[in-house]
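Participant: Structure: work.cif, mmCIF, C-alpha atoms (C1' of nucleotides).
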```
data_start
#
loop_
_atom_site.label_atom_id
_atom_site.label_comp_id
_atom_site.auth_asym_id
_atom_site.auth_seq_id
_atom_site.Cartn_x
_atom_site.Cartn_y
_atom_site.Cartn_z
CA MET A 1 25.17 -171.98 55.77
CA LYS A 2 22.63 -174.08 57.62
CA ILE A 3 23.30 -177.44 59.16
CA GLY A 4 22.08 -179.40 56.15
CA GLU A 5 24.59 -177.81 53.85
CA LEU A 6 27.39 -178.24 56.36
CA ALA A 7 26.43 -181.88 56.57
CA LYS A 8 26.52 -182.30 52.82
CA ARG A 9 29.82 -180.49 52.44
CA SER A 10 31.55 -182.31 55.28
CA GLY A 11 30.03 -185.72 54.82
CA CYS A 12 28.98 -185.70 58.46
CA LYS A 13 25.33 -186.19 59.28
CA ALA A 14 23.43 -183.28 60.75
CA VAL A 15 22.53 -185.21 63.88
CA THR A 16 26.18 -186.00 64.40
CA ILE A 17 27.09 -182.33 63.99
CA ARG A 18 24.66 -181.43 66.75
CA TYR A 19 26.07 -184.25 68.81
CA TYR A 20 29.59 -182.87 68.36
CA GLU A 21 28.37 -179.47 69.43
CA ASN A 22 26.91 -181.01 72.55
CA GLU A 23 30.20 -182.78 73.22
CA GLY A 24 32.16 -179.61 72.81
CA LEU A 25 34.04 -180.63 69.66
CA LEU A 26 32.29 -177.91 67.71
CA PRO A 27 31.49 -174.47 69.11
CA ALA A 28 27.87 -173.41 69.36
CA PRO A 29 27.29 -171.40 66.19
CA GLU A 30 25.21 -168.30 65.66
CA ARG A 31 21.51 -168.70 65.20
CA SER A 32 19.19 -167.29 62.59
CA GLU A 33 15.97 -165.47 63.45
CA GLY A 34 14.16 -168.77 63.29
CA ASN A 35 16.70 -170.34 65.65
CA TYR A 36 18.53 -172.26 62.94
CA ARG A 37 22.23 -172.89 63.36
CA LEU A 38 24.33 -170.75 61.01
CA TYR A 39 27.83 -171.90 60.12
CA GLY A 40 30.75 -170.22 58.44
CA PRO A 41 33.77 -171.53 56.57
CA LYS A 42 35.77 -171.90 59.79
CA ASP A 43 33.19 -174.33 61.07
CA LEU A 44 33.54 -176.36 57.91
CA ASP A 45 37.31 -176.38 58.34
CA ARG A 46 37.02 -177.55 61.90
CA LEU A 47 34.54 -180.25 61.00
CA ASP A 48 36.72 -181.35 58.12
CA PHE A 49 39.59 -181.64 60.57
CA ILE A 50 37.43 -183.79 62.80
CA MET A 51 36.31 -185.98 59.93
CA HIS A 52 39.87 -186.33 58.79
CA CYS A 53 40.81 -187.57 62.24
CA ARG A 54 37.91 -189.99 62.13
CA GLU A 55 39.10 -191.22 58.76
CA HIS A 56 42.31 -192.01 60.58
CA GLY A 57 40.44 -194.09 63.10
CA MET A 58 40.66 -191.58 65.93
CA ARG A 59 37.97 -191.29 68.53
CA PRO A 60 36.40 -188.23 70.12
CA PRO A 61 38.72 -188.11 73.17
CA GLU A 62 41.80 -188.17 70.96
CA ILE A 63 40.24 -185.71 68.54
CA ARG A 64 39.36 -183.43 71.40
CA GLU A 65 43.00 -183.25 72.42
CA LEU A 66 44.12 -182.53 68.89
CA LEU A 67 41.53 -179.78 68.61
CA LEU A 68 42.86 -178.24 71.80
CA PHE A 69 46.30 -178.21 70.25
CA ARG A 70 44.85 -176.83 67.05
CA ASP A 71 43.18 -174.00 68.93
CA LYS A 72 46.26 -173.14 70.93
CA PRO A 73 49.40 -174.61 69.42
CA GLN A 74 52.13 -174.94 71.97
CA ARG A 75 55.80 -174.84 71.19
CA ASP A 76 56.37 -178.57 71.42
CA CYS A 77 54.43 -180.85 69.13
CA THR A 78 56.27 -183.99 70.16
CA TRP A 79 53.21 -185.39 71.80
CA VAL A 80 51.27 -185.15 68.57
CA ALA A 81 53.81 -187.44 67.00
CA ASN A 82 53.63 -189.67 70.06
CA LEU A 83 49.89 -189.82 69.77
CA VAL A 84 50.14 -190.96 66.19
CA ASP A 85 52.81 -193.49 67.14
CA ALA A 86 50.61 -194.90 69.86
CA HIS A 87 47.77 -195.06 67.41
CA ILE A 88 49.87 -196.98 64.91
CA ALA A 89 50.94 -199.39 67.63
CA ASP A 90 47.33 -199.91 68.53
CA VAL A 91 46.42 -200.67 64.95
CA ASP A 92 49.30 -203.14 64.83
CA VAL A 93 47.96 -204.96 67.85
CA ARG A 94 44.52 -205.15 66.30
CA ILE A 95 45.89 -206.52 63.06
CA ALA A 96 47.92 -209.15 64.85
CA SER A 97 44.97 -210.22 66.92
CA LEU A 98 42.77 -210.49 63.84
CA GLU A 99 45.41 -212.55 62.02
CA HIS A 100 45.52 -214.85 64.99
CA LEU A 101 41.75 -215.10 65.03
CA LYS A 102 41.75 -215.85 61.33
CA LYS A 103 44.08 -218.78 61.85
CA HIS A 104 41.74 -220.19 64.45
CA LEU A 105 38.75 -219.73 62.20
CA GLU A 106 40.47 -221.43 59.31
CA ARG A 107 41.35 -224.38 61.49
CA LEU A 108 37.74 -224.46 62.60
CA ARG A 109 36.57 -224.30 59.02
CA CYS A 110 38.71 -227.27 58.08
CA ALA A 111 37.06 -229.33 60.79
CA CYS A 112 33.88 -229.51 58.73
CA GLY A 113 34.28 -232.70 56.75
CA GLY A 114 31.12 -231.95 54.84
CA GLU A 115 29.40 -235.00 56.22
CA ARG A 116 26.23 -232.96 56.36
CA GLU A 117 25.07 -234.73 59.44
CA GLY A 118 24.25 -232.36 62.28
CA GLU A 119 25.63 -234.23 65.22
CA ALA A 120 28.80 -235.15 63.44
CA CYS A 121 29.62 -231.70 62.10
CA GLY A 122 33.28 -231.17 62.79
CA ILE A 123 32.79 -227.49 63.40
CA MET A 124 30.26 -228.10 66.12
CA ARG A 125 32.49 -230.72 67.67
CA SER A 126 35.40 -228.32 67.60
CA LEU A 127 33.35 -225.60 69.20
CA ASP A 128 32.33 -228.05 71.88
CA ASP A 129 35.91 -228.86 72.71
CA ARG A 130 37.27 -225.70 74.12
CA SER A 131 40.58 -227.26 75.10
CA CYS A 132 41.63 -227.31 71.46
CA CYS A 133 43.08 -223.81 71.81
CA ALA A 134 44.49 -224.45 75.24
CA SER A 135 47.62 -222.48 74.49
CA CYS A 136 45.68 -219.33 73.68
CA GLU A 137 44.24 -216.91 76.12
CA ARG A 138 40.75 -217.80 77.20
CA GLN A 139 39.09 -214.56 76.49
CA PRO A 140 36.83 -213.13 73.83
CA ALA A 141 38.53 -212.10 70.64
CA ALA A 142 38.39 -208.37 70.02
CA LEU A 143 36.71 -207.36 66.81
CA MET B 3 27.64 -225.45 91.72
CA LYS B 4 26.77 -221.82 92.37
CA ILE B 5 27.31 -218.99 89.94
CA GLY B 6 30.68 -218.02 91.38
CA GLU B 7 32.19 -221.40 90.70
CA LEU B 8 30.70 -221.55 87.23
CA ALA B 9 32.22 -218.16 86.61
CA LYS B 10 35.64 -219.30 87.78
CA ARG B 11 35.53 -222.52 85.81
CA SER B 12 34.33 -220.94 82.60
CA GLY B 13 36.24 -217.70 82.77
CA CYS B 14 33.00 -215.79 82.31
CA LYS B 15 32.00 -213.22 84.91
CA ALA B 16 28.99 -213.96 87.07
CA VAL B 17 27.18 -210.83 85.91
CA THR B 18 27.70 -211.88 82.32
CA ILE B 19 26.29 -215.33 83.08
CA ARG B 20 23.15 -213.75 84.46
CA TYR B 21 23.05 -211.51 81.41
CA TYR B 22 23.25 -214.53 79.11
CA GLU B 23 20.42 -216.15 81.01
CA ASN B 24 18.36 -213.03 80.47
CA GLU B 25 19.20 -213.06 76.78
CA GLY B 26 18.22 -216.69 76.46
CA LEU B 27 21.68 -218.04 75.68
CA LEU B 28 21.68 -220.00 78.92
CA PRO B 29 18.60 -221.71 80.37
CA ALA B 30 17.30 -220.60 83.74
CA PRO B 31 18.88 -223.06 86.18
CA GLU B 32 17.42 -224.59 89.31
CA ARG B 33 17.44 -222.55 92.44
CA SER B 34 18.57 -223.44 95.95
CA GLU B 35 16.42 -222.84 99.00
CA GLY B 36 18.01 -219.44 99.39
CA ASN B 37 17.21 -218.63 95.75
CA TYR B 38 20.77 -219.14 94.54
CA ARG B 39 21.28 -220.38 90.98
CA LEU B 40 22.49 -223.99 90.89
CA TYR B 41 24.34 -225.21 87.82
CA GLY B 42 25.34 -228.66 86.61
CA PRO B 43 28.05 -229.90 84.24
CA LYS B 44 25.81 -229.42 81.21
CA ASP B 45 25.58 -225.74 82.01
CA LEU B 46 29.34 -225.54 82.15
CA ASP B 47 29.56 -227.30 78.78
CA ARG B 48 27.11 -224.89 77.25
CA LEU B 49 28.86 -221.87 78.68
CA ASP B 50 32.21 -223.23 77.50
CA PHE B 51 30.72 -223.53 74.04
CA ILE B 52 29.60 -219.93 74.23
CA MET B 53 32.98 -218.75 75.45
CA HIS B 54 34.67 -220.73 72.72
CA CYS B 55 32.53 -218.96 70.17
CA ARG B 56 33.44 -215.65 71.73
CA GLU B 57 37.10 -216.57 71.55
CA HIS B 58 36.46 -216.92 67.85
CA GLY B 59 35.10 -213.41 67.71
CA MET B 60 31.46 -214.36 67.39
CA ARG B 61 28.71 -212.23 68.79
CA PRO B 62 25.56 -213.21 70.65
CA PRO B 63 23.27 -213.32 67.59
CA GLU B 64 25.63 -215.69 65.80
CA ILE B 65 26.17 -217.70 68.95
CA ARG B 66 22.45 -217.91 69.47
CA GLU B 67 22.05 -219.53 66.07
CA LEU B 68 24.82 -222.00 66.72
CA LEU B 69 23.23 -222.91 70.04
CA LEU B 70 19.96 -223.57 68.30
CA PHE B 71 21.76 -225.93 65.98
CA ARG B 72 23.53 -227.49 68.94
CA ASP B 73 20.24 -228.08 70.68
CA LYS B 74 18.58 -229.56 67.64
CA PRO B 75 21.08 -230.61 65.01
CA GLN B 76 19.50 -230.75 61.60
CA ARG B 77 20.59 -233.00 58.83
CA ASP B 78 22.45 -230.35 56.89
CA CYS B 79 25.28 -228.50 58.55
CA THR B 80 26.29 -226.61 55.43
CA TRP B 81 25.17 -223.34 56.86
CA VAL B 82 27.48 -223.76 59.83
CA ALA B 83 30.37 -223.91 57.41
CA ASN B 84 28.91 -220.95 55.56
CA LEU B 85 28.67 -219.01 58.79
CA VAL B 86 32.34 -219.63 59.49
CA ASP B 87 33.23 -218.71 55.93
CA ALA B 88 31.34 -215.45 56.22
CA HIS B 89 33.06 -214.79 59.50
CA ILE B 90 36.47 -215.35 57.95
CA ALA B 91 35.59 -213.04 55.08
CA ASP B 92 34.56 -210.40 57.58
CA VAL B 93 37.85 -210.72 59.44
CA ASP B 94 39.65 -210.38 56.12
CA VAL B 95 37.86 -207.15 55.40
CA ARG B 96 38.76 -205.80 58.80
CA ILE B 97 42.39 -206.70 58.40
CA ALA B 98 42.55 -205.08 54.98
CA SER B 99 40.92 -201.92 56.26
CA LEU B 100 43.33 -201.74 59.18
CA GLU B 101 46.32 -202.23 56.89
CA HIS B 102 45.03 -199.39 54.79
CA LEU B 103 44.54 -197.24 57.85
CA LYS B 104 48.06 -198.04 58.99
CA LYS B 105 49.48 -196.82 55.71
CA HIS B 106 47.65 -193.54 56.15
CA LEU B 107 48.86 -193.19 59.71
CA GLU B 108 52.44 -193.85 58.71
CA ARG B 109 52.24 -191.23 56.03
CA LEU B 110 50.78 -188.87 58.61
CA ARG B 111 53.55 -189.74 61.02
CA CYS B 112 56.20 -188.88 58.44
CA ALA B 113 54.72 -185.44 58.01
CA CYS B 114 56.08 -184.42 61.40
CA GLY B 115 59.39 -182.94 60.59
CA GLY B 116 60.17 -182.55 64.25
CA GLU B 117 60.35 -178.80 64.02
CA ARG B 118 58.71 -178.71 67.41
CA GLU B 119 56.78 -175.60 66.57
CA GLY B 120 53.08 -175.95 67.06
CA GLU B 121 51.74 -174.09 64.08
CA ALA B 122 54.21 -175.68 61.76
CA CYS B 123 53.72 -179.26 62.90
CA GLY B 124 53.42 -181.31 59.74
CA ILE B 125 50.94 -183.67 61.33
CA MET B 126 48.59 -180.87 62.20
CA ARG B 127 48.97 -179.42 58.73
CA SER B 128 48.21 -182.80 57.21
CA LEU B 129 45.14 -183.21 59.37
CA ASP B 130 43.99 -179.79 58.29
CA ASP B 131 44.24 -180.69 54.65
CA ARG B 132 41.63 -183.32 54.16
CA SER B 133 42.11 -183.43 50.42
CA CYS B 134 45.38 -185.31 50.90
CA CYS B 135 43.51 -188.61 50.87
CA ALA B 136 41.15 -187.56 48.13
CA SER B 137 41.23 -190.95 46.51
CA CYS B 138 40.04 -192.72 49.64
CA GLU B 139 36.50 -192.91 50.86
CA ARG B 140 35.51 -190.02 53.05
CA GLN B 141 34.21 -191.92 55.96
CA PRO B 142 35.38 -192.86 59.42
CA ALA B 143 37.82 -195.73 59.60
CA ALA B 144 36.41 -198.73 61.37
CA LEU B 145 38.30 -199.89 64.42
"C1'" DC C 10 26.32 -213.13 116.79
"C1'" DT C 11 28.57 -210.74 113.83
"C1'" DT C 12 31.84 -210.35 110.13
"C1'" DG C 13 32.81 -211.23 105.52
"C1'" DA C 14 32.11 -213.41 101.22
"C1'" DC C 15 28.84 -214.59 98.18
"C1'" DC C 16 24.35 -214.09 96.00
"C1'" DC C 17 19.77 -211.75 94.56
"C1'" DT C 18 16.93 -208.08 91.67
"C1'" DA C 19 16.38 -203.95 89.30
"C1'" DT C 20 18.10 -199.94 87.39
"C1'" DA C 21 21.40 -197.03 85.25
"C1'" DG C 22 25.70 -196.26 82.85
"C1'" DT C 23 29.16 -197.05 78.91
"C1'" DA C 24 30.77 -195.22 73.59
"C1'" DA C 25 29.52 -192.90 69.86
"C1'" DC C 26 26.30 -192.18 67.89
"C1'" DT C 27 21.20 -193.15 65.66
"C1'" DA C 28 16.25 -192.97 65.76
"C1'" DT C 29 11.98 -191.10 67.23
"C1'" DA C 30 8.36 -187.75 68.56
"C1'" DG C 31 6.31 -183.52 68.35
"C1'" DA C 32 6.76 -178.82 67.16
"C1'" DC C 33 8.37 -174.68 64.52
"C1'" DA C 34 10.59 -172.39 60.14
"C1'" DT C 35 11.36 -172.01 55.45
"C1'" DT C 36 10.64 -172.90 50.67
"C1'" DA C 37 7.99 -174.43 46.73
"C1'" DT C 38 3.74 -175.18 44.51
"C1'" DT C 39 -0.95 -174.28 43.49
"C1'" DA D 19 -2.66 -166.53 50.05
"C1'" DA D 20 -3.18 -171.20 51.27
"C1'" DT D 21 -1.08 -175.42 51.31
"C1'" DA D 22 2.35 -178.92 51.05
"C1'" DA D 23 6.93 -180.45 51.34
"C1'" DT D 24 11.12 -180.07 53.29
"C1'" DG D 25 14.39 -178.56 56.77
"C1'" DT D 26 15.30 -177.62 61.41
"C1'" DC D 27 14.59 -177.47 66.52
"C1'" DT D 28 14.68 -179.91 71.35
"C1'" DA D 29 14.45 -183.73 74.23
"C1'" DT D 30 14.32 -188.43 74.95
"C1'" DA D 31 15.07 -193.20 74.09
"C1'" DG D 32 17.36 -196.95 71.61
"C1'" DT D 33 21.60 -199.43 69.94
"C1'" DT D 34 25.52 -203.48 71.54
"C1'" DA D 35 27.30 -206.33 74.87
"C1'" DC D 36 28.04 -205.79 78.67
"C1'" DT D 37 29.54 -203.36 83.44
"C1'" DA D 38 28.54 -200.81 87.64
"C1'" DT D 39 25.66 -199.53 91.34
"C1'" DA D 40 22.15 -199.65 95.05
"C1'" DG D 41 19.97 -202.02 98.43
"C1'" DG D 42 19.10 -206.10 100.17
"C1'" DG D 43 19.16 -211.46 101.44
"C1'" DT D 44 22.07 -216.03 102.47
"C1'" DC D 45 25.63 -218.71 104.24
"C1'" DA D 46 30.03 -220.39 106.67
"C1'" DA D 47 33.45 -219.30 110.04
"C1'" DG D 48 35.20 -217.39 114.35
#
```
Reformat the file's structure so that it appears as structure tokens.
Facilitator:
Amino acid sequence: MKIGELAKRSGCKAVTIRYYENEGLLPAPERSEGNYRLYGPKDLDRLDFIMHCREHGMRPPEIRELLLFRDKPQRDCTWVANLVDAHIADVDVRIASLEHLKKHLERLRCACGGEREGEACGIMRSLDDRSCCASCERQPAAL
Amino acid sequence: MKIGELAKRSGCKAVTIRYYENEGLLPAPERSEGNYRLYGPKDLDRLDFIMHCREHGMRPPEIRELLLFRDKPQRDCTWVANLVDAHIADVDVRIASLEHLKKHLERLRCACGGEREGEACGIMRSLDDRSCCASCERQPAAL
DNA sequence: CTTGACCCTATAGTAACTATAGACATTATT
DNA sequence: AATAATGTCTATAGTTACTATAGGGTCAAG
């Protein structure tokens, strides 16, 4: 199949497929007479694997390692489990930090008394007074 | 004060301060004889405001709008409250999507029976079978 | 008077793609 | 067969919000 069909079947855009080839996640496929990329079912499997990893929030470096393992499975798969564990822990941290952020935002939201007068807007006043969250770390919230 | 002190006092790196000036978030300050940027307390206030917004997970475009309002408060501050509301809703979506992702990852994690044999690793098998999450959207999880 | 810390500009690099330009190949229609 | 529409090719630049680097100037202390 050509790249368009692979894209449709995998749900991955054609440009991204070429990008993955460039990055070494996908092998360079055969070419047709007209220099078109020609893919087989194995390529679809591999791309599906990649997309599945992406659906799990994994990024190219992590996926690259998993592909290496997939290509050449070693005896011990402990580190695969560890990788997933680390990933879960990471997601936990993100959730916690977003919950924390949400609390701050809700407090901020409450500051608006609805006076509808620019200068007096409680939200603006709160944003002006940075010491209000003195107990929290003074660094940008991760989104 | 010079940029270094402003950086220390605000917790924002000097390079980032210059970047914000370039982007129009901060006004171009006076210069010393030796062409050094010279800041006053108002600059610190403004930068603190910006950092406070960042602590609330806001991004430059949003911050830019708030600064406009700060510079020229209009009668009606409703949209400030709306902006915060939208921001909270966005955080909610992110949290929900991460919770969902976590569930998937935990299911994935359970697939590892600990056989410690590469080809048989349940995690790898699960990643190979993309149809396992057929009911979920087939797109990358946002992190 | 030189060392070191600080500051300046301009440019390039980051992640993980996405968009664009300009050209060639294939397929469908007339 | 000619033409038009679509698909594909490469290479390059753009995206966000910065960060890093190169190559130089300024300032205070010893």
Participant: Using the chain letters and numbers from the file, give me the residues hit by the PyMOL selection byres ((chain D and resi 29) around 12), as a PyMOL selection string.
Facilitator: (chain C and resi 29-32) or (chain D and resi 27-28+30-31)
Participant: Just want the 10 Å neighbourhood of DT23 in chain C, counted on all atoms listed in the file, with same-chain residues fewer than 5 positions away dropped. Output as a PyMOL selection string.
Facilitator: chain D and resi 36-38
Participant: Would you tabulate, counting all atoms listed in the file, all residues of range 22-45 of chain D that have an atom at most 12 Å from an atom of range 13-16 of chain C, showing the closest pair of atoms and their distance in Å to one decimal, sorted by chain then ascending number, as CSV?
Facilitator:
```
residue,atom,partner,partner_atom,distance
D:DG42,C1',C:DC16,C1',10.4
D:DG43,C1',C:DC16,C1',8.0
D:DT44,C1',C:DC16,C1',7.1
D:DC45,C1',C:DC15,C1',8.0
```
Participant: Residues of chain A within 7 Å of chain B, using all atoms listed in the file, as a PyMOL selection string?
Facilitator: chain A and resi 48-49+51-57+73-78+81+84+88+91+95+98+101-102+105+109+112+116-119+121+127-128+130+138-143
Participant: Compile the residues of chain B that lie within 9 Å of chain D, evaluated using all atoms listed in the file, and express the compilation as a VMD selection string.
Facilitator: chain B and resid 17 to 18 21 36 to 38 61 to 62
Participant: Taking all atoms listed in the file into account, name the residue in C:DA28, C:DA34, C:DC17, C:DC10 that is nearest to chain A.
Facilitator: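 Residue with the minimum atom-to-atom distance to chain A: C:DA34.
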Participant: List the residues selected by the PyMOL selection byres ((chain C) within 10 of (chain A)) in the file shown, writing them as an MDAnalysis selection string.
Facilitator: chainID C and resid 24:27 33:35
Participant: Kindly complete range 10-39 of chain A to N, CA and C atoms; the output should be written as a PDB file, in the coordinates of the input.
Facilitator:
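Below is the file rebuild37.pdb, written as the result:
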```
ATOM      1  N   SER A  10      30.551-181.623  54.450  1.00  0.00           N
ATOM      2  CA  SER A  10      31.550-182.310  55.280  1.00  0.00           C
ATOM      3  C   SER A  10      31.418-183.823  55.203  1.00  0.00           C
ATOM      4  N   GLY A  11      30.248-184.281  54.805  1.00  0.00           N
ATOM      5  CA  GLY A  11      30.030-185.720  54.820  1.00  0.00           C
ATOM      6  C   GLY A  11      29.683-186.242  56.203  1.00  0.00           C
ATOM      7  N   CYS A  12      29.352-185.328  57.089  1.00  0.00           N
ATOM      8  CA  CYS A  12      28.980-185.700  58.460  1.00  0.00           C
ATOM      9  C   CYS A  12      27.489-185.430  58.626  1.00  0.00           C
ATOM     10  N   LYS A  13      26.764-186.380  59.157  1.00  0.00           N
ATOM     11  CA  LYS A  13      25.330-186.190  59.280  1.00  0.00           C
ATOM     12  C   LYS A  13      24.977-185.039  60.211  1.00  0.00           C
ATOM     13  N   ALA A  14      23.836-184.423  59.938  1.00  0.00           N
ATOM     14  CA  ALA A  14      23.430-183.280  60.750  1.00  0.00           C
ATOM     15  C   ALA A  14      23.271-183.657  62.224  1.00  0.00           C
ATOM     16  N   VAL A  15      22.686-184.804  62.482  1.00  0.00           N
ATOM     17  CA  VAL A  15      22.530-185.210  63.880  1.00  0.00           C
ATOM     18  C   VAL A  15      23.870-185.327  64.569  1.00  0.00           C
ATOM     19  N   THR A  16      24.845-185.836  63.819  1.00  0.00           N
ATOM     20  CA  THR A  16      26.180-186.000  64.400  1.00  0.00           C
ATOM     21  C   THR A  16      26.824-184.652  64.659  1.00  0.00           C
ATOM     22  N   ILE A  17      26.568-183.688  63.782  1.00  0.00           N
ATOM     23  CA  ILE A  17      27.090-182.330  63.990  1.00  0.00           C
ATOM     24  C   ILE A  17      26.537-181.767  65.301  1.00  0.00           C
ATOM     25  N   ARG A  18      25.255-181.913  65.490  1.00  0.00           N
ATOM     26  CA  ARG A  18      24.660-181.430  66.750  1.00  0.00           C
ATOM     27  C   ARG A  18      25.241-182.160  67.936  1.00  0.00           C
ATOM     28  N   TYR A  19      25.460-183.450  67.743  1.00  0.00           N
ATOM     29  CA  TYR A  19      26.070-184.250  68.810  1.00  0.00           C
ATOM     30  C   TYR A  19      27.464-183.719  69.147  1.00  0.00           C
ATOM     31  N   TYR A  20      28.246-183.403  68.128  1.00  0.00           N
ATOM     32  CA  TYR A  20      29.590-182.870  68.360  1.00  0.00           C
ATOM     33  C   TYR A  20      29.523-181.527  69.079  1.00  0.00           C
ATOM     34  N   GLU A  21      28.519-180.752  68.742  1.00  0.00           N
ATOM     35  CA  GLU A  21      28.370-179.470  69.430  1.00  0.00           C
ATOM     36  C   GLU A  21      28.103-179.714  70.920  1.00  0.00           C
ATOM     37  N   ASN A  22      27.222-180.637  71.169  1.00  0.00           N
ATOM     38  CA  ASN A  22      26.910-181.010  72.550  1.00  0.00           C
ATOM     39  C   ASN A  22      28.155-181.477  73.306  1.00  0.00           C
ATOM     40  N   GLU A  23      28.998-182.221  72.607  1.00  0.00           N
ATOM     41  CA  GLU A  23      30.200-182.780  73.220  1.00  0.00           C
ATOM     42  C   GLU A  23      31.349-181.790  73.290  1.00  0.00           C
ATOM     43  N   GLY A  24      31.128-180.633  72.727  1.00  0.00           N
ATOM     44  CA  GLY A  24      32.160-179.610  72.810  1.00  0.00           C
ATOM     45  C   GLY A  24      33.233-179.704  71.735  1.00  0.00           C
ATOM     46  N   LEU A  25      33.055-180.551  70.744  1.00  0.00           N
ATOM     47  CA  LEU A  25      34.040-180.630  69.660  1.00  0.00           C
ATOM     48  C   LEU A  25      33.848-179.462  68.699  1.00  0.00           C
ATOM     49  N   LEU A  26      32.616-179.062  68.549  1.00  0.00           N
ATOM     50  CA  LEU A  26      32.290-177.910  67.710  1.00  0.00           C
ATOM     51  C   LEU A  26      31.712-176.819  68.606  1.00  0.00           C
ATOM     52  N   PRO A  27      32.068-175.555  68.321  1.00  0.00           N
ATOM     53  CA  PRO A  27      31.490-174.470  69.110  1.00  0.00           C
ATOM     54  C   PRO A  27      30.021-174.248  68.733  1.00  0.00           C
ATOM     55  N   ALA A  28      29.260-173.747  69.668  1.00  0.00           N
ATOM     56  CA  ALA A  28      27.870-173.410  69.360  1.00  0.00           C
ATOM     57  C   ALA A  28      27.874-172.255  68.373  1.00  0.00           C
ATOM     58  N   PRO A  29      27.250-172.440  67.222  1.00  0.00           N
ATOM     59  CA  PRO A  29      27.290-171.400  66.190  1.00  0.00           C
ATOM     60  C   PRO A  29      26.224-170.339  66.432  1.00  0.00           C
ATOM     61  N   GLU A  30      26.281-169.302  65.633  1.00  0.00           N
ATOM     62  CA  GLU A  30      25.210-168.300  65.660  1.00  0.00           C
ATOM     63  C   GLU A  30      23.881-168.950  65.306  1.00  0.00           C
ATOM     64  N   ARG A  31      22.833-168.213  65.580  1.00  0.00           N
ATOM     65  CA  ARG A  31      21.510-168.700  65.200  1.00  0.00           C
ATOM     66  C   ARG A  31      20.821-167.668  64.313  1.00  0.00           C
ATOM     67  N   SER A  32      19.991-168.181  63.431  1.00  0.00           N
ATOM     68  CA  SER A  32      19.190-167.290  62.590  1.00  0.00           C
ATOM     69  C   SER A  32      17.997-166.786  63.401  1.00  0.00           C
ATOM     70  N   GLU A  33      17.176-165.952  62.764  1.00  0.00           N
ATOM     71  CA  GLU A  33      15.970-165.470  63.450  1.00  0.00           C
ATOM     72  C   GLU A  33      15.093-166.640  63.870  1.00  0.00           C
ATOM     73  N   GLY A  34      14.998-167.615  62.999  1.00  0.00           N
ATOM     74  CA  GLY A  34      14.160-168.770  63.290  1.00  0.00           C
ATOM     75  C   GLY A  34      14.853-169.829  64.121  1.00  0.00           C
ATOM     76  N   ASN A  35      15.971-169.450  64.751  1.00  0.00           N
ATOM     77  CA  ASN A  35      16.700-170.340  65.650  1.00  0.00           C
ATOM     78  C   ASN A  35      17.462-171.458  64.939  1.00  0.00           C
ATOM     79  N   TYR A  36      17.738-171.272  63.673  1.00  0.00           N
ATOM     80  CA  TYR A  36      18.530-172.260  62.940  1.00  0.00           C
ATOM     81  C   TYR A  36      20.008-171.992  63.163  1.00  0.00           C
ATOM     82  N   ARG A  37      20.771-173.055  63.223  1.00  0.00           N
ATOM     83  CA  ARG A  37      22.230-172.890  63.360  1.00  0.00           C
ATOM     84  C   ARG A  37      22.805-172.329  62.059  1.00  0.00           C
ATOM     85  N   LEU A  38      23.697-171.349  62.186  1.00  0.00           N
ATOM     86  CA  LEU A  38      24.330-170.750  61.010  1.00  0.00           C
ATOM     87  C   LEU A  38      25.836-170.922  61.093  1.00  0.00           C
ATOM     88  N   TYR A  39      26.407-171.590  60.103  1.00  0.00           N
ATOM     89  CA  TYR A  39      27.830-171.900  60.120  1.00  0.00           C
ATOM     90  C   TYR A  39      28.595-171.102  59.080  1.00  0.00           C
TER      91      TYR A  39
END
```
